[in-house]
>>> print(open('input_22.pdb').read())   # PDB, C-alpha atoms and all ligand atoms
ATOM      1  CA  MET A   1      -9.320  56.817 -63.331  1.00  0.00           C
ATOM      2  CA  ASP A   2     -13.050  56.936 -64.031  1.00  0.00           C
ATOM      3  CA  TYR A   3     -15.682  54.704 -62.451  1.00  0.00           C
ATOM      4  CA  VAL A   4     -15.821  52.168 -65.280  1.00  0.00           C
ATOM      5  CA  GLN A   5     -12.022  51.804 -65.391  1.00  0.00           C
ATOM      6  CA  ALA A   6     -11.867  51.426 -61.602  1.00  0.00           C
ATOM      7  CA  VAL A   7     -14.533  48.719 -61.642  1.00  0.00           C
ATOM      8  CA  GLY A   8     -12.619  46.902 -64.389  1.00  0.00           C
ATOM      9  CA  LEU A   9      -9.308  47.040 -62.543  1.00  0.00           C
ATOM     10  CA  LEU A  10     -10.860  45.778 -59.308  1.00  0.00           C
ATOM     11  CA  GLU A  11     -12.525  42.938 -61.176  1.00  0.00           C
ATOM     12  CA  LYS A  12      -9.115  41.835 -62.454  1.00  0.00           C
ATOM     13  CA  TYR A  13      -8.199  41.151 -58.819  1.00  0.00           C
ATOM     14  CA  GLY A  14     -11.454  39.373 -58.017  1.00  0.00           C
ATOM     15  CA  VAL A  15     -13.170  42.331 -56.347  1.00  0.00           C
ATOM     16  CA  LYS A  16     -16.722  42.692 -57.553  1.00  0.00           C
ATOM     17  CA  VAL A  17     -18.434  46.062 -57.367  1.00  0.00           C
ATOM     18  CA  ILE A  18     -22.236  46.049 -56.953  1.00  0.00           C
ATOM     19  CA  SER A  19     -23.939  46.029 -60.336  1.00  0.00           C
ATOM     20  CA  GLY A  20     -24.569  49.365 -61.881  1.00  0.00           C
ATOM     21  CA  SER A  21     -24.955  51.154 -65.147  1.00  0.00           C
ATOM     22  CA  ILE A  22     -24.201  54.725 -66.166  1.00  0.00           C
ATOM     23  CA  ALA A  23     -27.162  56.529 -67.699  1.00  0.00           C
ATOM     24  CA  ARG A  24     -26.860  59.675 -69.780  1.00  0.00           C
ATOM     25  CA  ASP A  25     -30.501  60.656 -69.462  1.00  0.00           C
ATOM     26  CA  LYS A  26     -33.676  59.768 -67.575  1.00  0.00           C
ATOM     27  CA  ARG A  27     -34.840  57.312 -70.203  1.00  0.00           C
ATOM     28  CA  GLU A  28     -31.597  55.328 -69.918  1.00  0.00           C
ATOM     29  CA  ALA A  29     -31.805  55.458 -66.123  1.00  0.00           C
ATOM     30  CA  LYS A  30     -35.341  54.044 -66.143  1.00  0.00           C
ATOM     31  CA  LYS A  31     -34.301  51.341 -68.560  1.00  0.00           C
ATOM     32  CA  ALA A  32     -31.352  50.351 -66.358  1.00  0.00           C
ATOM     33  CA  ALA A  33     -33.530  50.298 -63.231  1.00  0.00           C
ATOM     34  CA  ALA A  34     -36.145  48.135 -64.918  1.00  0.00           C
ATOM     35  CA  LYS A  35     -33.439  45.712 -65.991  1.00  0.00           C
ATOM     36  CA  MET A  36     -31.811  45.358 -62.554  1.00  0.00           C
ATOM     37  CA  GLY A  37     -35.055  45.700 -60.601  1.00  0.00           C
ATOM     38  CA  PHE A  38     -36.089  48.150 -57.871  1.00  0.00           C
ATOM     39  CA  PRO A  39     -34.988  49.294 -55.339  1.00  0.00           C
ATOM     40  CA  VAL A  40     -32.099  51.182 -56.911  1.00  0.00           C
ATOM     41  CA  VAL A  41     -29.702  53.967 -55.970  1.00  0.00           C
ATOM     42  CA  LEU A  42     -28.881  56.967 -58.166  1.00  0.00           C
ATOM     43  CA  LYS A  43     -25.663  58.932 -57.850  1.00  0.00           C
ATOM     44  CA  VAL A  44     -23.848  61.500 -59.906  1.00  0.00           C
ATOM     45  CA  VAL A  45     -20.764  60.569 -61.927  1.00  0.00           C
ATOM     46  CA  SER A  46     -18.510  63.602 -62.131  1.00  0.00           C
ATOM     47  CA  LYS A  47     -14.777  64.103 -61.833  1.00  0.00           C
ATOM     48  CA  GLU A  48     -15.551  67.418 -60.166  1.00  0.00           C
ATOM     49  CA  ILE A  49     -17.638  65.938 -57.310  1.00  0.00           C
ATOM     50  CA  SER A  50     -15.800  63.623 -54.916  1.00  0.00           C
ATOM     51  CA  HIS A  51     -18.127  63.750 -51.895  1.00  0.00           C
ATOM     52  CA  LYS A  52     -21.357  63.011 -53.678  1.00  0.00           C
ATOM     53  CA  SER A  53     -23.724  62.767 -50.710  1.00  0.00           C
ATOM     54  CA  ASP A  54     -22.453  66.061 -49.231  1.00  0.00           C
ATOM     55  CA  LYS A  55     -23.682  67.734 -52.418  1.00  0.00           C
ATOM     56  CA  GLY A  56     -27.045  65.973 -52.394  1.00  0.00           C
ATOM     57  CA  CYS A  57     -25.991  63.855 -55.352  1.00  0.00           C
ATOM     58  CA  VAL A  58     -26.842  60.381 -53.980  1.00  0.00           C
ATOM     59  CA  ARG A  59     -30.392  59.033 -53.612  1.00  0.00           C
ATOM     60  CA  VAL A  60     -30.881  55.599 -52.052  1.00  0.00           C
ATOM     61  CA  GLY A  61     -33.953  53.396 -51.790  1.00  0.00           C
ATOM     62  CA  ILE A  62     -35.661  54.381 -55.049  1.00  0.00           C
ATOM     63  CA  THR A  63     -38.616  52.060 -55.469  1.00  0.00           C
ATOM     64  CA  SER A  64     -40.504  53.343 -58.519  1.00  0.00           C
ATOM     65  CA  GLU A  65     -40.074  55.017 -61.896  1.00  0.00           C
ATOM     66  CA  LYS A  66     -41.753  58.119 -60.559  1.00  0.00           C
ATOM     67  CA  THR A  67     -39.340  58.546 -57.634  1.00  0.00           C
ATOM     68  CA  LEU A  68     -36.466  57.739 -59.972  1.00  0.00           C
ATOM     69  CA  GLU A  69     -37.433  60.599 -62.291  1.00  0.00           C
ATOM     70  CA  HIS A  70     -37.637  62.961 -59.349  1.00  0.00           C
ATOM     71  CA  ALA A  71     -34.299  61.796 -57.913  1.00  0.00           C
ATOM     72  CA  PHE A  72     -32.636  62.154 -61.317  1.00  0.00           C
ATOM     73  CA  ASP A  73     -33.732  65.799 -61.594  1.00  0.00           C
ATOM     74  CA  GLU A  74     -32.660  66.539 -58.035  1.00  0.00           C
ATOM     75  CA  ILE A  75     -29.199  65.068 -58.541  1.00  0.00           C
ATOM     76  CA  ILE A  76     -28.620  67.053 -61.729  1.00  0.00           C
ATOM     77  CA  HIS A  77     -29.886  70.182 -60.012  1.00  0.00           C
ATOM     78  CA  ASN A  78     -27.654  69.648 -56.964  1.00  0.00           C
ATOM     79  CA  ALA A  79     -24.606  69.029 -59.168  1.00  0.00           C
ATOM     80  CA  GLY A  80     -24.885  72.710 -60.044  1.00  0.00           C
ATOM     81  CA  SER A  81     -22.199  73.899 -62.411  1.00  0.00           C
ATOM     82  CA  ALA A  82     -20.040  70.747 -62.149  1.00  0.00           C
ATOM     83  CA  LYS A  83     -19.480  68.815 -65.362  1.00  0.00           C
ATOM     84  CA  VAL A  84     -21.628  65.683 -65.111  1.00  0.00           C
ATOM     85  CA  ASP A  85     -20.535  62.530 -66.981  1.00  0.00           C
ATOM     86  CA  GLY A  86     -23.729  60.652 -66.193  1.00  0.00           C
ATOM     87  CA  VAL A  87     -25.907  59.244 -63.450  1.00  0.00           C
ATOM     88  CA  LEU A  88     -24.994  55.864 -62.020  1.00  0.00           C
ATOM     89  CA  VAL A  89     -27.929  53.542 -61.444  1.00  0.00           C
ATOM     90  CA  GLN A  90     -26.902  50.966 -58.856  1.00  0.00           C
ATOM     91  CA  LYS A  91     -28.567  48.065 -57.215  1.00  0.00           C
ATOM     92  CA  MET A  92     -29.474  48.780 -53.602  1.00  0.00           C
ATOM     93  CA  ALA A  93     -27.155  46.894 -51.247  1.00  0.00           C
ATOM     94  CA  ARG A  94     -28.443  44.711 -48.438  1.00  0.00           C
ATOM     95  CA  LYS A  95     -28.373  46.238 -44.977  1.00  0.00           C
ATOM     96  CA  GLY A  96     -25.128  45.729 -43.136  1.00  0.00           C
ATOM     97  CA  VAL A  97     -22.129  47.346 -41.506  1.00  0.00           C
ATOM     98  CA  GLU A  98     -20.296  49.994 -43.545  1.00  0.00           C
ATOM     99  CA  LEU A  99     -16.552  49.467 -43.814  1.00  0.00           C
ATOM    100  CA  ILE A 100     -13.767  51.227 -45.605  1.00  0.00           C
ATOM    101  CA  VAL A 101     -11.043  49.346 -47.394  1.00  0.00           C
ATOM    102  CA  GLY A 102      -8.323  51.402 -48.959  1.00  0.00           C
ATOM    103  CA  GLY A 103      -4.872  51.497 -50.445  1.00  0.00           C
ATOM    104  CA  LYS A 104      -2.180  54.149 -50.514  1.00  0.00           C
ATOM    105  CA  ARG A 105       1.317  54.419 -51.954  1.00  0.00           C
ATOM    106  CA  ASP A 106       3.637  55.886 -49.383  1.00  0.00           C
ATOM    107  CA  ALA A 107       6.934  57.483 -50.436  1.00  0.00           C
ATOM    108  CA  GLN A 108       8.773  55.711 -47.639  1.00  0.00           C
ATOM    109  CA  PHE A 109       6.918  52.447 -47.062  1.00  0.00           C
ATOM    110  CA  GLY A 110       5.521  51.736 -50.508  1.00  0.00           C
ATOM    111  CA  PRO A 111       2.041  50.266 -50.947  1.00  0.00           C
ATOM    112  CA  LEU A 112      -0.212  50.214 -47.874  1.00  0.00           C
ATOM    113  CA  VAL A 113      -3.597  48.649 -47.218  1.00  0.00           C
ATOM    114  CA  ILE A 114      -6.074  50.300 -44.841  1.00  0.00           C
ATOM    115  CA  PHE A 115      -9.119  48.956 -43.028  1.00  0.00           C
ATOM    116  CA  GLY A 116     -11.746  50.537 -40.809  1.00  0.00           C
ATOM    117  CA  LEU A 117     -15.425  50.949 -40.076  1.00  0.00           C
ATOM    118  CA  GLY A 118     -17.122  53.603 -42.185  1.00  0.00           C
ATOM    119  CA  GLY A 119     -18.614  56.949 -41.300  1.00  0.00           C
ATOM    120  CA  VAL A 120     -17.832  58.705 -38.034  1.00  0.00           C
ATOM    121  CA  PHE A 121     -15.571  55.909 -36.834  1.00  0.00           C
ATOM    122  CA  VAL A 122     -13.033  56.750 -39.510  1.00  0.00           C
ATOM    123  CA  GLU A 123     -13.539  60.484 -39.655  1.00  0.00           C
ATOM    124  CA  VAL A 124     -13.795  61.253 -35.945  1.00  0.00           C
ATOM    125  CA  LEU A 125     -12.154  58.385 -34.119  1.00  0.00           C
ATOM    126  CA  ARG A 126      -9.524  57.580 -36.770  1.00  0.00           C
ATOM    127  CA  ASP A 127     -10.179  53.938 -35.963  1.00  0.00           C
ATOM    128  CA  VAL A 128      -8.253  52.255 -38.771  1.00  0.00           C
ATOM    129  CA  SER A 129      -5.600  49.590 -39.137  1.00  0.00           C
ATOM    130  CA  ILE A 130      -2.795  49.837 -41.685  1.00  0.00           C
ATOM    131  CA  ARG A 131      -0.250  47.343 -43.048  1.00  0.00           C
ATOM    132  CA  ILE A 132       2.526  47.453 -45.600  1.00  0.00           C
ATOM    133  CA  CYS A 133       1.752  45.279 -48.644  1.00  0.00           C
ATOM    134  CA  PRO A 134       1.866  42.425 -49.372  1.00  0.00           C
ATOM    135  CA  ILE A 135      -0.159  41.083 -46.458  1.00  0.00           C
ATOM    136  CA  THR A 136      -0.737  37.481 -45.402  1.00  0.00           C
ATOM    137  CA  GLU A 137      -4.077  36.041 -44.388  1.00  0.00           C
ATOM    138  CA  GLN A 138      -2.994  36.373 -40.776  1.00  0.00           C
ATOM    139  CA  ASP A 139      -2.124  40.060 -41.281  1.00  0.00           C
ATOM    140  CA  ALA A 140      -5.584  40.612 -42.748  1.00  0.00           C
ATOM    141  CA  ASP A 141      -7.157  38.872 -39.791  1.00  0.00           C
ATOM    142  CA  GLU A 142      -5.211  41.013 -37.325  1.00  0.00           C
ATOM    143  CA  MET A 143      -6.141  44.173 -39.225  1.00  0.00           C
ATOM    144  CA  ILE A 144      -9.808  43.362 -38.793  1.00  0.00           C
ATOM    145  CA  ARG A 145      -9.554  42.441 -35.116  1.00  0.00           C
ATOM    146  CA  GLU A 146      -7.368  45.299 -33.934  1.00  0.00           C
ATOM    147  CA  ILE A 147      -9.734  48.197 -34.660  1.00  0.00           C
ATOM    148  CA  LYS A 148     -11.564  49.468 -31.563  1.00  0.00           C
ATOM    149  CA  THR A 149     -14.938  49.033 -33.208  1.00  0.00           C
ATOM    150  CA  TYR A 150     -14.339  45.362 -34.053  1.00  0.00           C
ATOM    151  CA  PRO A 151     -17.154  44.268 -31.654  1.00  0.00           C
ATOM    152  CA  LEU A 152     -19.618  45.829 -34.126  1.00  0.00           C
ATOM    153  CA  LEU A 153     -18.633  43.092 -36.574  1.00  0.00           C
ATOM    154  CA  THR A 154     -19.243  40.218 -34.191  1.00  0.00           C
ATOM    155  CA  GLY A 155     -22.988  40.753 -33.956  1.00  0.00           C
ATOM    156  CA  VAL A 156     -24.363  43.077 -31.311  1.00  0.00           C
ATOM    157  CA  ARG A 157     -27.935  43.689 -30.148  1.00  0.00           C
ATOM    158  CA  GLY A 158     -29.411  40.866 -32.097  1.00  0.00           C
ATOM    159  CA  THR A 159     -27.638  41.596 -35.381  1.00  0.00           C
ATOM    160  CA  LEU A 160     -25.879  38.744 -37.114  1.00  0.00           C
ATOM    161  CA  PRO A 161     -22.076  38.608 -37.164  1.00  0.00           C
ATOM    162  CA  SER A 162     -20.456  40.036 -40.285  1.00  0.00           C
ATOM    163  CA  ASP A 163     -18.665  37.884 -42.857  1.00  0.00           C
ATOM    164  CA  VAL A 164     -15.095  38.410 -41.645  1.00  0.00           C
ATOM    165  CA  THR A 165     -13.805  35.669 -43.954  1.00  0.00           C
ATOM    166  CA  ALA A 166     -14.991  37.590 -47.009  1.00  0.00           C
ATOM    167  CA  ILE A 167     -13.422  40.819 -45.723  1.00  0.00           C
ATOM    168  CA  ARG A 168     -10.128  39.054 -45.081  1.00  0.00           C
ATOM    169  CA  LYS A 169     -10.109  37.921 -48.696  1.00  0.00           C
ATOM    170  CA  LEU A 170     -10.964  41.426 -49.893  1.00  0.00           C
ATOM    171  CA  LEU A 171      -8.050  42.933 -47.948  1.00  0.00           C
ATOM    172  CA  MET A 172      -5.671  40.451 -49.547  1.00  0.00           C
ATOM    173  CA  GLN A 173      -7.015  41.189 -53.031  1.00  0.00           C
ATOM    174  CA  VAL A 174      -6.538  44.930 -52.496  1.00  0.00           C
ATOM    175  CA  SER A 175      -3.015  44.295 -51.197  1.00  0.00           C
ATOM    176  CA  LYS A 176      -2.225  42.314 -54.348  1.00  0.00           C
ATOM    177  CA  LEU A 177      -3.605  45.073 -56.556  1.00  0.00           C
ATOM    178  CA  MET A 178      -1.537  47.721 -54.758  1.00  0.00           C
ATOM    179  CA  VAL A 179       1.642  45.661 -55.206  1.00  0.00           C
ATOM    180  CA  LYS A 180       1.084  44.911 -58.899  1.00  0.00           C
ATOM    181  CA  GLU A 181      -0.525  48.131 -60.145  1.00  0.00           C
ATOM    182  CA  GLU A 182       2.232  50.626 -59.470  1.00  0.00           C
ATOM    183  CA  LYS A 183       0.305  53.369 -61.224  1.00  0.00           C
ATOM    184  CA  VAL A 184      -2.343  53.309 -58.477  1.00  0.00           C
ATOM    185  CA  LYS A 185      -1.568  55.988 -55.897  1.00  0.00           C
ATOM    186  CA  GLU A 186      -4.786  55.761 -53.924  1.00  0.00           C
ATOM    187  CA  LEU A 187      -7.700  53.400 -53.774  1.00  0.00           C
ATOM    188  CA  ASP A 188     -10.903  53.829 -51.786  1.00  0.00           C
ATOM    189  CA  LEU A 189     -13.718  51.376 -51.352  1.00  0.00           C
ATOM    190  CA  ASN A 190     -15.978  53.465 -49.168  1.00  0.00           C
ATOM    191  CA  PRO A 191     -18.236  51.984 -48.169  1.00  0.00           C
ATOM    192  CA  VAL A 192     -18.061  48.242 -48.432  1.00  0.00           C
ATOM    193  CA  ILE A 193     -21.322  47.092 -46.859  1.00  0.00           C
ATOM    194  CA  VAL A 194     -20.771  43.762 -45.130  1.00  0.00           C
ATOM    195  CA  HIS A 195     -23.538  41.438 -44.012  1.00  0.00           C
ATOM    196  CA  GLU A 196     -23.626  37.934 -42.612  1.00  0.00           C
ATOM    197  CA  LYS A 197     -22.725  36.370 -45.938  1.00  0.00           C
ATOM    198  CA  GLY A 198     -20.585  38.472 -48.240  1.00  0.00           C
ATOM    199  CA  TYR A 199     -20.484  42.187 -48.899  1.00  0.00           C
ATOM    200  CA  ASP A 200     -21.337  44.848 -51.453  1.00  0.00           C
ATOM    201  CA  VAL A 201     -18.800  47.410 -52.661  1.00  0.00           C
ATOM    202  CA  VAL A 202     -20.933  50.460 -53.484  1.00  0.00           C
ATOM    203  CA  ASP A 203     -18.454  53.318 -53.909  1.00  0.00           C
ATOM    204  CA  VAL A 204     -15.036  53.171 -55.570  1.00  0.00           C
ATOM    205  CA  ARG A 205     -12.361  55.733 -56.254  1.00  0.00           C
ATOM    206  CA  ILE A 206      -8.942  55.034 -57.727  1.00  0.00           C
ATOM    207  CA  VAL A 207      -6.376  57.779 -58.181  1.00  0.00           C
ATOM    208  CA  GLU A 208      -3.447  57.254 -60.561  1.00  0.00           C
TER     209      GLU A 208
HETATM  210  P1  LIG B 301     -20.045  59.572 -51.444  1.00  0.00           P
HETATM  211  O1  LIG B 301     -19.062  58.826 -50.606  1.00  0.00           O
HETATM  212  O2  LIG B 301     -19.371  60.208 -52.630  1.00  0.00           O
HETATM  213  O3  LIG B 301     -20.868  60.530 -50.679  1.00  0.00           O
HETATM  214  P2  LIG B 301     -21.383  56.984 -51.812  1.00  0.00           P
HETATM  215  O4  LIG B 301     -21.511  56.318 -53.122  1.00  0.00           O
HETATM  216  O5  LIG B 301     -20.406  56.410 -50.850  1.00  0.00           O
HETATM  217  O6  LIG B 301     -21.070  58.529 -52.089  1.00  0.00           O
HETATM  218  O7  LIG B 301     -22.804  57.036 -51.133  1.00  0.00           O
HETATM  219  C1  LIG B 301     -23.034  57.642 -49.870  1.00  0.00           C
HETATM  220  C2  LIG B 301     -23.743  56.689 -48.939  1.00  0.00           C
HETATM  221  O8  LIG B 301     -24.950  56.230 -49.521  1.00  0.00           O
HETATM  222  C3  LIG B 301     -22.956  55.400 -48.625  1.00  0.00           C
HETATM  223  O9  LIG B 301     -22.077  55.587 -47.538  1.00  0.00           O
HETATM  224  C4  LIG B 301     -24.073  54.432 -48.306  1.00  0.00           C
HETATM  225  O10 LIG B 301     -24.518  54.603 -46.974  1.00  0.00           O
HETATM  226  C5  LIG B 301     -25.187  54.867 -49.234  1.00  0.00           C
HETATM  227  N1  LIG B 301     -25.147  54.085 -50.502  1.00  0.00           N
HETATM  228  C6  LIG B 301     -24.508  54.402 -51.645  1.00  0.00           C
HETATM  229  N2  LIG B 301     -24.705  53.479 -52.605  1.00  0.00           N
HETATM  230  C7  LIG B 301     -25.484  52.521 -52.057  1.00  0.00           C
HETATM  231  C8  LIG B 301     -26.043  51.292 -52.541  1.00  0.00           C
HETATM  232  N3  LIG B 301     -25.832  50.863 -53.791  1.00  0.00           N
HETATM  233  N4  LIG B 301     -26.811  50.581 -51.682  1.00  0.00           N
HETATM  234  C9  LIG B 301     -27.050  51.012 -50.428  1.00  0.00           C
HETATM  235  N5  LIG B 301     -26.563  52.158 -49.918  1.00  0.00           N
HETATM  236  C10 LIG B 301     -25.795  52.918 -50.713  1.00  0.00           C
HETATM  237 MG    MG B 302     -18.441  56.942 -50.440  1.00  0.00          MG
END
>>> encode(input="input_22.pdb", output="structure tokens", more="lines below")
Ligand code: ADP
Ligand code: MG
Amino acid sequence: MDYVQAVGLLEKYGVKVISGSIARDKREAKKAAAKMGFPVVLKVVSKEISHKSDKGCVRVGITSEKTLEHAFDEIIHNAGSAKVDGVLVQKMARKGVELIVGGKRDAQFGPLVIFGLGGVFVEVLRDVSIRICPITEQDADEMIREIKTYPLLTGVRGTLPSDVTAIRKLLMQVSKLMVKEEKVKELDLNPVIVHEKGYDVVDVRIVE
């Protein structure tokens, strides 16, 4: 499923992805950025590139037309021989804690919902919680609290506590989607950037 379809499907379940617009050339990208306002993020849209930042195909914190033009060229260059469908111009998310929220369809257990903190916590420590769908609000709450890195969401070293209520709701929405949309094999919201009031979903991938 492409980016636009994934955003549409998530929206149907009340999950809003950060605003963005796919540009086919630099002129369209500049127009989109002007409309949503700087700072923006540029990233490649290509079925052939799944780890965009590993390839140098994500640029965050773009604050002017001039840096946007430069970033656009760099992304296209770094995409190399991959077929590029466009460049996504996204609003820059507020600072926060990066989470992953996912779904999987298991041959034995059926739809699953997955939660964890983003980055090294998931990749190295495998610090995630998993439940079989559908989940209750209490399940969602337990999923959030049982990961080892949960203290990072309660506000440490002067940072504000994250909006756990909003994340709980998001987990339930994803669970509902996984139950109803049988065609969805895998779903990845990675990252969801949570702050003290709400969150921004900045990267989505849905596999049918
Ligand atoms: P990929 O996972 O394919 O490398 P992402 O879209 O997840 O690409 O972007 C990589 C990283 O860039 C994210 O983990 C996040 O830290 C940052 N990022 C991406 N989009 C945004 C955004 N709109 N606002 C702020 N940071 C972003
Ligand atoms: Mg990502």
>>> resolve_selection(input="input_22.pdb", expression="the PyMOL selection byres (((chain A and resi 9) around 12) and not hetatm)", output="PyMOL selection string")
chain A and resi 1-8+10-17+173-174+176-178+180-181+183-184+187+204-208
>>> resolve_selection(input="input_22.pdb", expression="the PyMOL selection byres (((chain A and resi 20-33) around 7) and not hetatm)", output="list of chain:residue names")
A:Ile18, A:Ser19, A:Ala34, A:Lys35, A:Met36, A:Gly37, A:Phe38, A:Val40, A:Glu65, A:Glu69, A:Phe72, A:Gly86, A:Val87, A:Leu88, A:Val89, A:Gln90, A:Lys91
>>> write_last_selection(input="input_22.pdb", atoms="C-alpha atoms", output="tab-separated table (two decimals), keeping the file's coordinate frame")
chain	number	residue	atom	x	y	z
A	18	ILE	CA	-22.24	46.05	-56.95
A	19	SER	CA	-23.94	46.03	-60.34
A	34	ALA	CA	-36.15	48.14	-64.92
A	35	LYS	CA	-33.44	45.71	-65.99
A	36	MET	CA	-31.81	45.36	-62.55
A	37	GLY	CA	-35.06	45.70	-60.60
A	38	PHE	CA	-36.09	48.15	-57.87
A	40	VAL	CA	-32.10	51.18	-56.91
A	65	GLU	CA	-40.07	55.02	-61.90
A	69	GLU	CA	-37.43	60.60	-62.29
A	72	PHE	CA	-32.64	62.15	-61.32
A	86	GLY	CA	-23.73	60.65	-66.19
A	87	VAL	CA	-25.91	59.24	-63.45
A	88	LEU	CA	-24.99	55.86	-62.02
A	89	VAL	CA	-27.93	53.54	-61.44
A	90	GLN	CA	-26.90	50.97	-58.86
A	91	LYS	CA	-28.57	48.06	-57.22
>>> resolve_selection(input="input_22.pdb", expression="the PyMOL selection byres (((not hetatm)) within 9 of (chain B and resi 301))", output="ChimeraX atom specification")
/A:18-20,40-44,49-61,89-95,98,118-119,189-193,200-204
>>> closest_residue(input="input_22.pdb", among="A:Gly116, A:Pro39, A:Gly110, A:Pro134", to="A:Ser175", atoms="all atoms listed in the file")
A:Pro134
>>> closest_residue(input="input_22.pdb", among="A:Ala79, A:Cys133, A:Val128, A:Ile144", to="A:Ala166", atoms="only C-alpha atoms")
A:Ile144
>>> atom_distance(input="input_22.pdb", atom1="atom CA of A:Glu182", atom2="atom CA of A:Pro111")
8.5 Å
>>> atom_distance(input="input_22.pdb", atom1="atom CA of A:Phe121", atom2="atom CA of A:Val97")
11.8 Å
>>> closest_residue(input="input_22.pdb", among="A:Ile100, A:Lys83, A:Val194, A:Arg157", to="ligand MG 302 (chain B)", atoms="all atoms listed in the file")
A:Ile100
>>> atom_distance(input="input_22.pdb", atom1="atom CA of A:Gly96", atom2="atom CA of A:Thr159")
9.1 Å
>>> residues_around(input="input_22.pdb", residues="A:Arg126", least_positions_apart="2", cutoff="10 Å", atoms="all atoms listed in the file", output="list in words")
Gly116, Leu117, Val120, Phe121, Val122, Glu123, Val124, Val128, Ser129, Ile147 and Lys148 of chain A
>>> closest_residue(input="input_22.pdb", among="A:Asp188, A:Asp139, A:Ser64, A:Leu170", to="ligand MG 302 (chain B)", atoms="only C-alpha atoms and all ligand atoms")
A:Asp188
